[in-house]
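A.B. asks: My structure is in target.cif, and what it holds is mmCIF, C-alpha atoms:
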```cif
data_entry
loop_
_atom_site.group_PDB
_atom_site.id
_atom_site.type_symbol
_atom_site.label_atom_id
_atom_site.label_comp_id
_atom_site.auth_asym_id
_atom_site.auth_seq_id
_atom_site.Cartn_x
_atom_site.Cartn_y
_atom_site.Cartn_z
ATOM 1 C CA MET P 113 10.032 -68.219 -106.893
ATOM 2 C CA ARG P 114 7.542 -66.063 -104.973
ATOM 3 C CA GLU P 115 7.723 -66.266 -101.218
ATOM 4 C CA ARG P 116 4.721 -67.888 -99.575
ATOM 5 C CA PRO P 117 2.481 -65.212 -97.973
ATOM 6 C CA GLU P 118 2.277 -65.149 -94.189
ATOM 7 C CA PRO P 119 -0.812 -66.725 -92.599
ATOM 8 C CA VAL P 120 -3.670 -64.198 -92.358
ATOM 9 C CA GLN P 121 -3.824 -64.362 -88.548
ATOM 10 C CA VAL P 122 -0.153 -63.473 -88.226
ATOM 11 C CA VAL P 123 -0.620 -60.408 -90.411
ATOM 12 C CA LYS P 124 -3.787 -59.330 -88.569
ATOM 13 C CA GLN P 125 -2.240 -59.769 -85.155
ATOM 14 C CA ARG P 126 0.804 -57.721 -86.104
ATOM 15 C CA ARG P 127 -1.301 -54.888 -87.504
ATOM 16 C CA ASP P 128 -3.767 -54.887 -84.595
ATOM 17 C CA ALA P 129 -0.922 -54.939 -82.070
ATOM 18 C CA ALA P 130 0.779 -51.990 -83.788
ATOM 19 C CA LEU P 131 -2.479 -49.988 -83.837
ATOM 20 C CA MET P 132 -3.145 -50.759 -80.174
ATOM 21 C CA GLN P 133 0.333 -49.512 -79.248
ATOM 22 C CA LEU P 134 -0.470 -46.112 -80.737
ATOM 23 C CA TRP P 135 -3.476 -45.240 -78.600
ATOM 24 C CA SER P 136 -3.899 -47.600 -75.675
ATOM 25 C CA GLY P 137 -1.301 -45.835 -73.531
ATOM 26 C CA VAL P 138 -2.901 -42.378 -73.858
ATOM 27 C CA PRO P 139 -4.995 -41.667 -70.729
ATOM 28 C CA TYR P 140 -7.296 -39.078 -72.357
ATOM 29 C CA ILE P 141 -8.232 -41.474 -75.207
ATOM 30 C CA GLN P 142 -9.113 -44.096 -72.583
ATOM 31 C CA TYR P 143 -11.025 -41.521 -70.525
ATOM 32 C CA LEU P 144 -13.216 -40.535 -73.491
ATOM 33 C CA GLY P 145 -13.728 -44.242 -74.303
ATOM 34 C CA ILE P 146 -12.552 -43.936 -77.933
ATOM 35 C CA ARG P 147 -11.873 -47.193 -79.821
ATOM 36 C CA PHE P 148 -10.558 -47.934 -83.307
ATOM 37 C CA ASP P 149 -11.912 -50.393 -85.841
ATOM 38 C CA ARG P 150 -9.466 -51.495 -88.573
ATOM 39 C CA ARG P 151 -10.194 -52.851 -92.064
ATOM 40 C CA GLY P 152 -6.859 -53.260 -93.824
ATOM 41 C CA ASP P 153 -5.250 -49.855 -93.430
ATOM 42 C CA GLU P 154 -8.595 -48.040 -93.032
ATOM 43 C CA LEU P 155 -9.438 -46.871 -89.523
ATOM 44 C CA THR P 156 -12.838 -45.907 -88.152
ATOM 45 C CA ALA P 157 -12.877 -44.372 -84.703
ATOM 46 C CA ILE P 158 -15.827 -44.926 -82.383
ATOM 47 C CA LEU P 159 -16.864 -42.648 -79.531
ATOM 48 C CA PRO P 160 -19.418 -44.694 -77.568
ATOM 49 C CA PHE P 161 -22.113 -42.543 -75.988
ATOM 50 C CA ASP P 162 -21.592 -41.686 -72.343
ATOM 51 C CA GLU P 163 -23.465 -39.286 -70.051
ATOM 52 C CA LYS P 164 -20.227 -37.421 -69.272
ATOM 53 C CA LEU P 165 -19.942 -36.328 -72.942
ATOM 54 C CA ILE P 166 -23.152 -34.280 -72.736
ATOM 55 C CA GLY P 167 -22.802 -30.499 -72.960
ATOM 56 C CA ASN P 168 -26.413 -29.409 -73.206
ATOM 57 C CA PRO P 169 -28.664 -31.507 -70.949
ATOM 58 C CA MET P 170 -31.819 -29.751 -72.275
ATOM 59 C CA LEU P 171 -31.587 -30.988 -75.878
ATOM 60 C CA PRO P 172 -29.604 -33.190 -74.989
ATOM 61 C CA ALA P 173 -26.491 -32.752 -77.148
ATOM 62 C CA LEU P 174 -22.849 -33.806 -77.022
ATOM 63 C CA HIS P 175 -20.436 -31.150 -75.719
ATOM 64 C CA GLY P 176 -18.597 -29.235 -78.466
ATOM 65 C CA GLY P 177 -15.378 -29.745 -76.521
ATOM 66 C CA ALA P 178 -15.854 -33.514 -76.401
ATOM 67 C CA ILE P 179 -16.493 -33.526 -80.158
ATOM 68 C CA ALA P 180 -13.371 -31.424 -80.811
ATOM 69 C CA ALA P 181 -11.273 -33.710 -78.622
ATOM 70 C CA PHE P 182 -12.620 -36.802 -80.418
ATOM 71 C CA LEU P 183 -11.761 -35.365 -83.847
ATOM 72 C CA GLU P 184 -8.299 -34.257 -82.737
ATOM 73 C CA VAL P 185 -7.526 -37.694 -81.309
ATOM 74 C CA VAL P 186 -8.654 -39.336 -84.558
ATOM 75 C CA ALA P 187 -6.492 -36.991 -86.669
ATOM 76 C CA ILE P 188 -3.392 -37.690 -84.560
ATOM 77 C CA ILE P 189 -3.864 -41.467 -84.522
ATOM 78 C CA GLU P 190 -4.556 -41.617 -88.277
ATOM 79 C CA LEU P 191 -1.446 -39.554 -89.011
ATOM 80 C CA SER P 192 0.724 -41.797 -86.844
ATOM 81 C CA TRP P 193 -0.916 -44.897 -88.257
ATOM 82 C CA VAL P 194 -0.177 -43.938 -91.873
ATOM 83 C CA THR P 195 3.499 -43.461 -90.994
ATOM 84 C CA LEU P 196 3.635 -46.644 -88.944
ATOM 85 C CA TRP P 197 1.843 -48.664 -91.621
ATOM 86 C CA GLU P 198 4.461 -47.890 -94.261
ATOM 87 C CA GLU P 199 7.299 -48.881 -91.926
ATOM 88 C CA MET P 200 5.510 -52.004 -90.784
ATOM 89 C CA GLU P 201 4.522 -53.236 -94.250
ATOM 90 C CA ALA P 202 8.049 -52.626 -95.530
ATOM 91 C CA GLY P 203 9.218 -54.991 -92.789
ATOM 92 C CA ARG P 204 11.273 -52.271 -91.091
ATOM 93 C CA LEU P 205 9.238 -52.320 -87.918
ATOM 94 C CA ASP P 206 8.632 -55.036 -85.377
ATOM 95 C CA PRO P 207 5.567 -54.649 -83.069
ATOM 96 C CA ALA P 208 7.629 -55.964 -80.152
ATOM 97 C CA ALA P 209 10.047 -53.072 -80.675
ATOM 98 C CA ILE P 210 7.100 -50.619 -80.747
ATOM 99 C CA ALA P 211 5.788 -52.072 -77.486
ATOM 100 C CA ALA P 212 9.145 -51.451 -75.814
ATOM 101 C CA ASN P 213 9.403 -47.943 -77.244
ATOM 102 C CA PRO P 214 5.997 -46.473 -78.227
ATOM 103 C CA PRO P 215 6.257 -43.942 -81.087
ATOM 104 C CA ARG P 216 6.055 -40.232 -80.215
ATOM 105 C CA LEU P 217 2.785 -38.770 -81.467
ATOM 106 C CA PRO P 218 2.600 -35.718 -83.767
ATOM 107 C CA LYS P 219 1.932 -32.365 -82.033
ATOM 108 C CA THR P 220 -1.048 -30.238 -82.987
ATOM 109 C CA ILE P 221 -0.159 -26.831 -84.437
ATOM 110 C CA ASP P 222 -3.751 -25.732 -85.074
ATOM 111 C CA PHE P 223 -7.122 -27.399 -85.283
ATOM 112 C CA THR P 224 -10.370 -26.005 -86.727
ATOM 113 C CA VAL P 225 -13.689 -27.690 -86.049
ATOM 114 C CA ASP P 226 -16.928 -27.023 -87.976
ATOM 115 C CA TYR P 227 -20.029 -27.977 -86.052
ATOM 116 C CA LEU P 228 -22.600 -28.897 -88.679
ATOM 117 C CA ARG P 229 -25.442 -30.132 -86.471
ATOM 118 C CA SER P 230 -25.810 -30.945 -82.809
ATOM 119 C CA GLY P 231 -24.344 -34.245 -81.620
ATOM 120 C CA LEU P 232 -27.108 -36.630 -80.592
ATOM 121 C CA PRO P 233 -26.879 -38.697 -77.402
ATOM 122 C CA ARG P 234 -25.633 -41.819 -79.172
ATOM 123 C CA ASP P 235 -22.393 -43.297 -80.562
ATOM 124 C CA ALA P 236 -20.317 -41.192 -82.949
ATOM 125 C CA TYR P 237 -17.879 -42.319 -85.655
ATOM 126 C CA ALA P 238 -15.023 -40.592 -87.430
ATOM 127 C CA ARG P 239 -12.498 -41.146 -90.181
ATOM 128 C CA ALA P 240 -9.489 -39.001 -90.983
ATOM 129 C CA ARG P 241 -7.614 -38.415 -94.233
ATOM 130 C CA VAL P 242 -4.015 -37.250 -94.388
ATOM 131 C CA ASN P 243 -4.028 -34.657 -97.160
ATOM 132 C CA ARG P 244 -0.355 -33.858 -96.949
ATOM 133 C CA SER P 245 2.405 -35.365 -94.887
ATOM 134 C CA GLY P 246 5.877 -33.900 -95.218
ATOM 135 C CA ARG P 247 9.011 -34.418 -93.193
ATOM 136 C CA ARG P 248 8.009 -31.735 -90.676
ATOM 137 C CA TYR P 249 4.410 -30.708 -91.254
ATOM 138 C CA ALA P 250 1.196 -32.551 -92.026
ATOM 139 C CA SER P 251 -2.374 -31.513 -92.855
ATOM 140 C CA VAL P 252 -5.238 -33.811 -91.834
ATOM 141 C CA HIS P 253 -9.000 -33.653 -92.422
ATOM 142 C CA VAL P 254 -11.512 -35.496 -90.229
ATOM 143 C CA GLU P 255 -15.205 -36.256 -90.761
ATOM 144 C CA ALA P 256 -17.597 -37.390 -88.042
ATOM 145 C CA TRP P 257 -21.102 -38.784 -88.258
ATOM 146 C CA GLN P 258 -23.628 -40.660 -86.162
ATOM 147 C CA ASP P 259 -26.462 -42.593 -87.761
ATOM 148 C CA ASN P 260 -25.852 -41.764 -91.375
ATOM 149 C CA ARG P 261 -22.394 -41.662 -93.006
ATOM 150 C CA ALA P 262 -23.542 -39.013 -95.503
ATOM 151 C CA ARG P 263 -24.880 -36.650 -92.799
ATOM 152 C CA LEU P 264 -21.772 -35.350 -91.052
ATOM 153 C CA PHE P 265 -22.357 -33.687 -87.688
ATOM 154 C CA ALA P 266 -18.820 -32.268 -87.484
ATOM 155 C CA GLN P 267 -15.671 -31.966 -89.554
ATOM 156 C CA ALA P 268 -12.222 -30.605 -88.817
ATOM 157 C CA THR P 269 -8.889 -29.720 -90.387
ATOM 158 C CA GLY P 270 -5.636 -29.504 -88.520
ATOM 159 C CA HIS P 271 -1.921 -28.985 -89.014
ATOM 160 C CA PHE P 272 0.562 -31.116 -87.136
ATOM 161 C CA LEU P 273 4.264 -31.143 -86.383
ATOM 162 C CA MET P 274 5.762 -34.571 -87.078
ATOM 163 C CA PRO P 275 7.842 -36.193 -84.319
ATOM 164 C CA GLU P 276 11.614 -35.911 -84.779
ATOM 165 C CA GLY P 277 13.580 -38.829 -86.096
ATOM 166 C CA MET O 84 -36.110 -17.222 -50.913
ATOM 167 C CA GLY O 85 -33.292 -15.041 -52.015
ATOM 168 C CA THR O 86 -33.549 -16.079 -55.648
ATOM 169 C CA MET O 87 -34.746 -12.628 -56.709
ATOM 170 C CA SER O 88 -31.529 -11.038 -55.523
ATOM 171 C CA GLU O 89 -29.239 -13.940 -56.441
ATOM 172 C CA ASP O 90 -25.999 -12.803 -58.033
ATOM 173 C CA PRO O 91 -25.984 -13.532 -61.798
ATOM 174 C CA ILE O 92 -22.574 -15.192 -61.441
ATOM 175 C CA ASP O 93 -24.057 -17.747 -59.024
ATOM 176 C CA ILE O 94 -26.816 -18.582 -61.505
ATOM 177 C CA ALA O 95 -24.261 -18.871 -64.317
ATOM 178 C CA ARG O 96 -21.929 -20.932 -62.143
ATOM 179 C CA ARG O 97 -24.688 -23.378 -61.192
ATOM 180 C CA PHE O 98 -25.709 -23.686 -64.841
ATOM 181 C CA ILE O 99 -22.219 -24.136 -66.354
ATOM 182 C CA GLU O 100 -20.813 -26.373 -63.650
ATOM 183 C CA ALA O 101 -23.890 -28.617 -64.038
ATOM 184 C CA LEU O 102 -23.143 -29.379 -67.704
ATOM 185 C CA PRO O 103 -22.085 -33.049 -67.545
ATOM 186 C CA HIS O 104 -18.943 -32.743 -69.691
ATOM 187 C CA SER O 105 -17.766 -29.536 -67.999
ATOM 188 C CA ARG O 106 -18.357 -31.120 -64.580
ATOM 189 C CA ALA O 107 -16.507 -34.291 -65.654
ATOM 190 C CA LEU O 108 -13.473 -32.180 -66.595
ATOM 191 C CA GLY O 109 -13.638 -30.268 -63.292
ATOM 192 C CA MET O 110 -14.249 -26.864 -64.902
ATOM 193 C CA GLN O 111 -15.000 -23.944 -62.601
ATOM 194 C CA LEU O 112 -16.351 -20.487 -63.345
ATOM 195 C CA VAL O 113 -14.229 -17.674 -61.914
ATOM 196 C CA SER O 114 -15.895 -14.604 -63.436
ATOM 197 C CA PHE O 115 -18.844 -13.948 -65.752
ATOM 198 C CA GLY O 116 -20.272 -10.750 -67.220
ATOM 199 C CA ASN O 117 -20.307 -8.187 -70.053
ATOM 200 C CA GLY O 118 -19.221 -10.735 -72.640
ATOM 201 C CA ARG O 119 -16.165 -11.785 -70.629
ATOM 202 C CA VAL O 120 -15.661 -15.062 -68.807
ATOM 203 C CA GLU O 121 -12.810 -16.698 -66.923
ATOM 204 C CA MET O 122 -12.849 -20.438 -66.227
ATOM 205 C CA THR O 123 -10.353 -22.908 -64.791
ATOM 206 C CA MET O 124 -9.675 -26.635 -65.157
ATOM 207 C CA PRO O 125 -7.348 -28.382 -62.680
ATOM 208 C CA TYR O 126 -4.619 -30.741 -63.873
ATOM 209 C CA ASP O 127 -5.852 -34.340 -63.946
ATOM 210 C CA ALA O 128 -3.779 -37.414 -64.849
ATOM 211 C CA ARG O 129 -6.818 -38.889 -66.659
ATOM 212 C CA PHE O 130 -6.637 -36.103 -69.254
ATOM 213 C CA VAL O 131 -2.994 -36.656 -70.216
ATOM 214 C CA GLY O 132 -2.346 -36.800 -73.966
ATOM 215 C CA ASP O 133 1.361 -37.645 -73.900
ATOM 216 C CA PRO O 134 2.175 -40.361 -71.358
ATOM 217 C CA ALA O 135 5.925 -39.782 -71.844
ATOM 218 C CA THR O 136 5.726 -36.220 -70.483
ATOM 219 C CA GLY O 137 2.433 -36.115 -68.534
ATOM 220 C CA VAL O 138 1.234 -33.137 -70.612
ATOM 221 C CA MET O 139 -2.553 -32.721 -70.800
ATOM 222 C CA HIS O 140 -4.219 -33.486 -74.138
ATOM 223 C CA GLY O 141 -4.934 -30.492 -76.374
ATOM 224 C CA GLY O 142 -8.517 -31.746 -76.623
ATOM 225 C CA ALA O 143 -9.097 -31.097 -72.912
ATOM 226 C CA VAL O 144 -7.702 -27.557 -73.251
ATOM 227 C CA SER O 145 -9.941 -26.997 -76.288
ATOM 228 C CA ALA O 146 -12.967 -28.253 -74.340
ATOM 229 C CA LEU O 147 -12.248 -25.635 -71.638
ATOM 230 C CA MET O 148 -11.840 -22.881 -74.261
ATOM 231 C CA ASP O 149 -15.080 -23.935 -76.002
ATOM 232 C CA THR O 150 -16.988 -23.853 -72.715
ATOM 233 C CA ALA O 151 -15.561 -20.470 -71.675
ATOM 234 C CA SER O 152 -16.374 -19.090 -75.153
ATOM 235 C CA GLY O 153 -20.003 -20.282 -75.041
ATOM 236 C CA ALA O 154 -20.318 -18.807 -71.544
ATOM 237 C CA ALA O 155 -18.851 -15.493 -72.772
ATOM 238 C CA VAL O 156 -21.614 -15.349 -75.403
ATOM 239 C CA MET O 157 -24.254 -16.035 -72.739
ATOM 240 C CA SER O 158 -22.784 -13.281 -70.540
ATOM 241 C CA HIS O 159 -23.093 -10.646 -73.293
ATOM 242 C CA PRO O 160 -25.390 -7.678 -72.490
ATOM 243 C CA VAL O 161 -27.624 -8.438 -75.532
ATOM 244 C CA GLY O 162 -29.024 -11.238 -73.342
ATOM 245 C CA PRO O 163 -28.858 -14.390 -75.484
ATOM 246 C CA VAL O 164 -31.333 -17.176 -74.723
ATOM 247 C CA SER O 165 -29.023 -19.879 -76.047
ATOM 248 C CA THR O 166 -25.874 -20.405 -78.108
ATOM 249 C CA ALA O 167 -23.998 -23.196 -79.895
ATOM 250 C CA THR O 168 -20.535 -23.379 -81.454
ATOM 251 C CA LEU O 169 -20.483 -22.918 -85.241
ATOM 252 C CA ASP O 170 -16.724 -23.225 -85.505
ATOM 253 C CA LEU O 171 -13.669 -22.950 -83.324
ATOM 254 C CA ARG O 172 -10.067 -22.641 -84.493
ATOM 255 C CA VAL O 173 -7.511 -23.480 -81.834
ATOM 256 C CA ASP O 174 -3.794 -22.585 -82.108
ATOM 257 C CA TYR O 175 -1.482 -24.522 -79.815
ATOM 258 C CA PHE O 176 1.608 -22.576 -78.698
ATOM 259 C CA ARG O 177 3.321 -24.863 -76.201
ATOM 260 C CA PRO O 178 2.626 -27.864 -73.953
ATOM 261 C CA ALA O 179 0.869 -26.972 -70.684
ATOM 262 C CA THR O 180 3.132 -27.622 -67.690
ATOM 263 C CA PRO O 181 2.106 -30.902 -66.005
ATOM 264 C CA GLY O 182 0.477 -30.421 -62.608
ATOM 265 C CA GLN O 183 -0.723 -26.876 -63.283
ATOM 266 C CA THR O 184 -4.294 -25.564 -63.529
ATOM 267 C CA ILE O 185 -5.394 -24.242 -66.933
ATOM 268 C CA THR O 186 -7.211 -20.892 -67.068
ATOM 269 C CA ALA O 187 -9.263 -19.789 -70.080
ATOM 270 C CA ARG O 188 -10.205 -16.133 -70.591
ATOM 271 C CA ALA O 189 -12.860 -15.628 -73.256
ATOM 272 C CA GLU O 190 -14.283 -12.445 -74.726
ATOM 273 C CA CYS O 191 -17.342 -12.126 -76.938
ATOM 274 C CA TYR O 192 -16.104 -9.080 -78.868
ATOM 275 C CA HIS O 193 -18.782 -8.706 -81.535
ATOM 276 C CA THR O 194 -22.379 -9.763 -82.078
ATOM 277 C CA THR O 195 -24.826 -9.509 -84.948
ATOM 278 C CA ARG O 196 -28.538 -10.420 -84.709
ATOM 279 C CA THR O 197 -27.666 -14.063 -85.301
ATOM 280 C CA VAL O 198 -23.941 -14.633 -84.695
ATOM 281 C CA ALA O 199 -21.493 -13.992 -81.839
ATOM 282 C CA PHE O 200 -17.717 -13.782 -82.367
ATOM 283 C CA VAL O 201 -15.396 -14.873 -79.583
ATOM 284 C CA ARG O 202 -11.668 -14.950 -78.844
ATOM 285 C CA VAL O 203 -10.143 -16.899 -75.991
ATOM 286 C CA THR O 204 -6.700 -17.668 -74.566
ATOM 287 C CA ALA O 205 -5.555 -20.482 -72.302
ATOM 288 C CA THR O 206 -2.672 -20.187 -69.845
ATOM 289 C CA ASP O 207 -1.181 -22.410 -67.159
ATOM 290 C CA GLU O 208 0.277 -20.887 -63.978
ATOM 291 C CA ASP O 209 2.695 -18.820 -66.098
ATOM 292 C CA ALA O 210 0.131 -16.330 -67.388
ATOM 293 C CA THR O 211 2.750 -14.463 -69.440
ATOM 294 C CA ARG O 212 3.160 -17.313 -71.956
ATOM 295 C CA PRO O 213 -0.186 -18.599 -73.307
ATOM 296 C CA VAL O 214 -0.558 -22.337 -73.913
ATOM 297 C CA ALA O 215 -3.201 -21.909 -76.641
ATOM 298 C CA ALA O 216 -5.579 -19.396 -78.177
ATOM 299 C CA ALA O 217 -8.752 -19.770 -80.199
ATOM 300 C CA THR O 218 -11.317 -17.797 -82.140
ATOM 301 C CA GLY O 219 -14.826 -18.950 -82.825
ATOM 302 C CA ALA O 220 -18.215 -18.095 -84.266
ATOM 303 C CA PHE O 221 -21.264 -19.010 -82.200
ATOM 304 C CA THR O 222 -24.983 -19.039 -82.963
ATOM 305 C CA LEU O 223 -26.910 -16.344 -81.116
ATOM 306 C CA ASP O 224 -30.550 -16.748 -80.121
ATOM 307 C CA LEU O 225 -32.008 -13.534 -78.770
ATOM 308 C CA PRO O 226 -35.304 -13.331 -76.879
ATOM 309 C CA LYS O 227 -38.350 -12.774 -79.130
ATOM 310 C CA GLY O 228 -38.703 -9.107 -80.055
ATOM 311 C CA ALA O 229 -35.157 -8.183 -79.011
ATOM 312 C CA LYS O 230 -33.038 -6.031 -81.308
ATOM 313 C CA GLY O 231 -29.551 -7.393 -81.941
#
```
So that I can check it, write out the structure of this file as structure tokens.
C.D. replies:
Amino acid sequence: MRERPEPVQVVKQRRDAALMQLWSGVPYIQYLGIRFDRRGDELTAILPFDEKLIGNPMLPALHGGAIAAFLEVVAIIELSWVTLWEEMEAGRLDPAAIAANPPRLPKTIDFTVDYLRSGLPRDAYARARVNRSGRRYASVHVEAWQDNRARLFAQATGHFLMPEG
Amino acid sequence: MGTMSEDPIDIARRFIEALPHSRALGMQLVSFGNGRVEMTMPYDARFVGDPATGVMHGGAVSALMDTASGAAVMSHPVGPVSTATLDLRVDYFRPATPGQTITARAECYHTTRTVAFVRVTATDEDATRPVAAATGAFTLDLPKGAKG
């Protein structure tokens, strides 16, 4: 007989707790104000507008460096999340164990950002896609937009070194 | 009063250090001119990317390299009016040593009428072993009537 599925709140709490463990302890993610919205395994990152993210006060426009940092953070969290998700859903990972011993994050090898249009002084969103994830190396693509999902204002590709173990 | 003879580096410094994001990250202009710029960013616990080691996030280092690169374009003798990053590829060589200031040295090594090409390296206090390097293409807006 099929096992009775867990109550929806239990599943959601476990997944949200695991996601939170990945990024909440990283000072720079907190400093930039980045948050993550989860729908099943799909993550959308949000960079809420803040005056300190402005690079060109004349236009005004978001700083290219702030945009690059946002995209790099999103790539790293997505890559860790994909790995964590598989472990968690297979029942091999307990969020309490993650809390006690947060996973090491992948290290960036290289990261290339295309600036497609200037970042407006409002919230920005991004989603990443892991194109290849091997035992040692991974390749991740990130897309970022503001008002309109189809009008990207930046995109990036990066290679990452997976944590050992 | 004195503005006519003000040193170009002071004008550049006031301009760059007034950019909100650069100011927030504590960036400072060390030298500026002839397509070459040096900028620093002090270590700050708020910019840590790996809480286990206290190493600064690569994104903060990239932000410094992007700023130094844009400034290098502005310092080029062709006299750009404005610039913006088209793309920037950053290679990360090693973690920056916690507690140490990061220095970016950028050079705008080629320009066309519309595009400027830049390379930049970032070091911590051990200048012999770079932390990261990047190359980028930047838009170039020349004054009306100028020949690129």
A.B. asks: Selected by the PyMOL selection byres ((chain O) within 10 of (chain P)) in the shown coordinates: which residues, as an MDAnalysis selection string?
C.D. replies: chainID O and resid 99 101:108 127:135 137 139:150 153 167:178 215:221
A.B. asks: So what do you get for CA of Pro215 (chain P) versus CA of Ile185 (chain O), distance-wise?
C.D. replies: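 That distance, rounded to one decimal, is 26.9 Å.
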A.B. asks: Have a look at CA of Gly109 (chain O) and CA of Thr186 (chain O) and let me know their distance in Å, one decimal.
C.D. replies: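 Taking CA of Gly109 (chain O) as the start and CA of Thr186 (chain O) as the end point, the length is 12.0 Å.
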A.B. asks: Counting only C-alpha atoms, which residue out of O:Met110, O:Ala187, O:Val198, O:Leu223 sits closest to Arg97 (chain O)?
C.D. replies: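 Of O:Met110, O:Ala187, O:Val198, O:Leu223, the one nearest Arg97 (chain O), counting only C-alpha atoms, is O:Met110.
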A.B. asks: What is the CA of Arg196 (chain O) to CA of Asp93 (chain O) distance in Å?
C.D. replies: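 For CA of Arg196 (chain O) relative to CA of Asp93 (chain O), the distance reads 27.1 Å.
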A.B. asks: Could you spell out the hits of the PyMOL selection byres ((chain O and resi 121) around 6) on the shown file, as a list in words?
C.D. replies: Val113, Ser114, Val120, Met122, Ala187 and Arg188 of chain O
A.B. asks: Write out as a ChimeraX atom specification which residues come within 7 Å of region 115-117 of chain O when counting all atoms listed in the file, dropping same-chain ones fewer than 4 positions away.
C.D. replies: /O:92,121,158-160
A.B. asks: I'd like the contact shell of Leu225 (chain O) - 12 Å cut-off, only C-alpha atoms, skipping same-chain residues fewer than 3 positions apart - returned as a ChimeraX atom specification.
C.D. replies: /O:156-157,159-166,194-199,222,228-231
A.B. asks: Taking only C-alpha atoms into account, which of P:Ile158, P:Leu264, P:Ile146, P:Val123 comes nearest Met200 (chain P)?
C.D. replies: P:Val123
A.B. asks: Counting all atoms listed in the file, which of O:Phe200, O:Thr184, O:Ala179, O:Lys227 gets nearest to Arg212 (chain O)?
C.D. replies: O:Ala179
A.B. asks: Can you turn the PyMOL selection byres ((chain P and resi 245-262) around 9) into a concrete residue list for this file, as a ChimeraX atom specification?
C.D. replies: /P:179,183-184,186-188,190-191,218,231-232,234-244,263-276
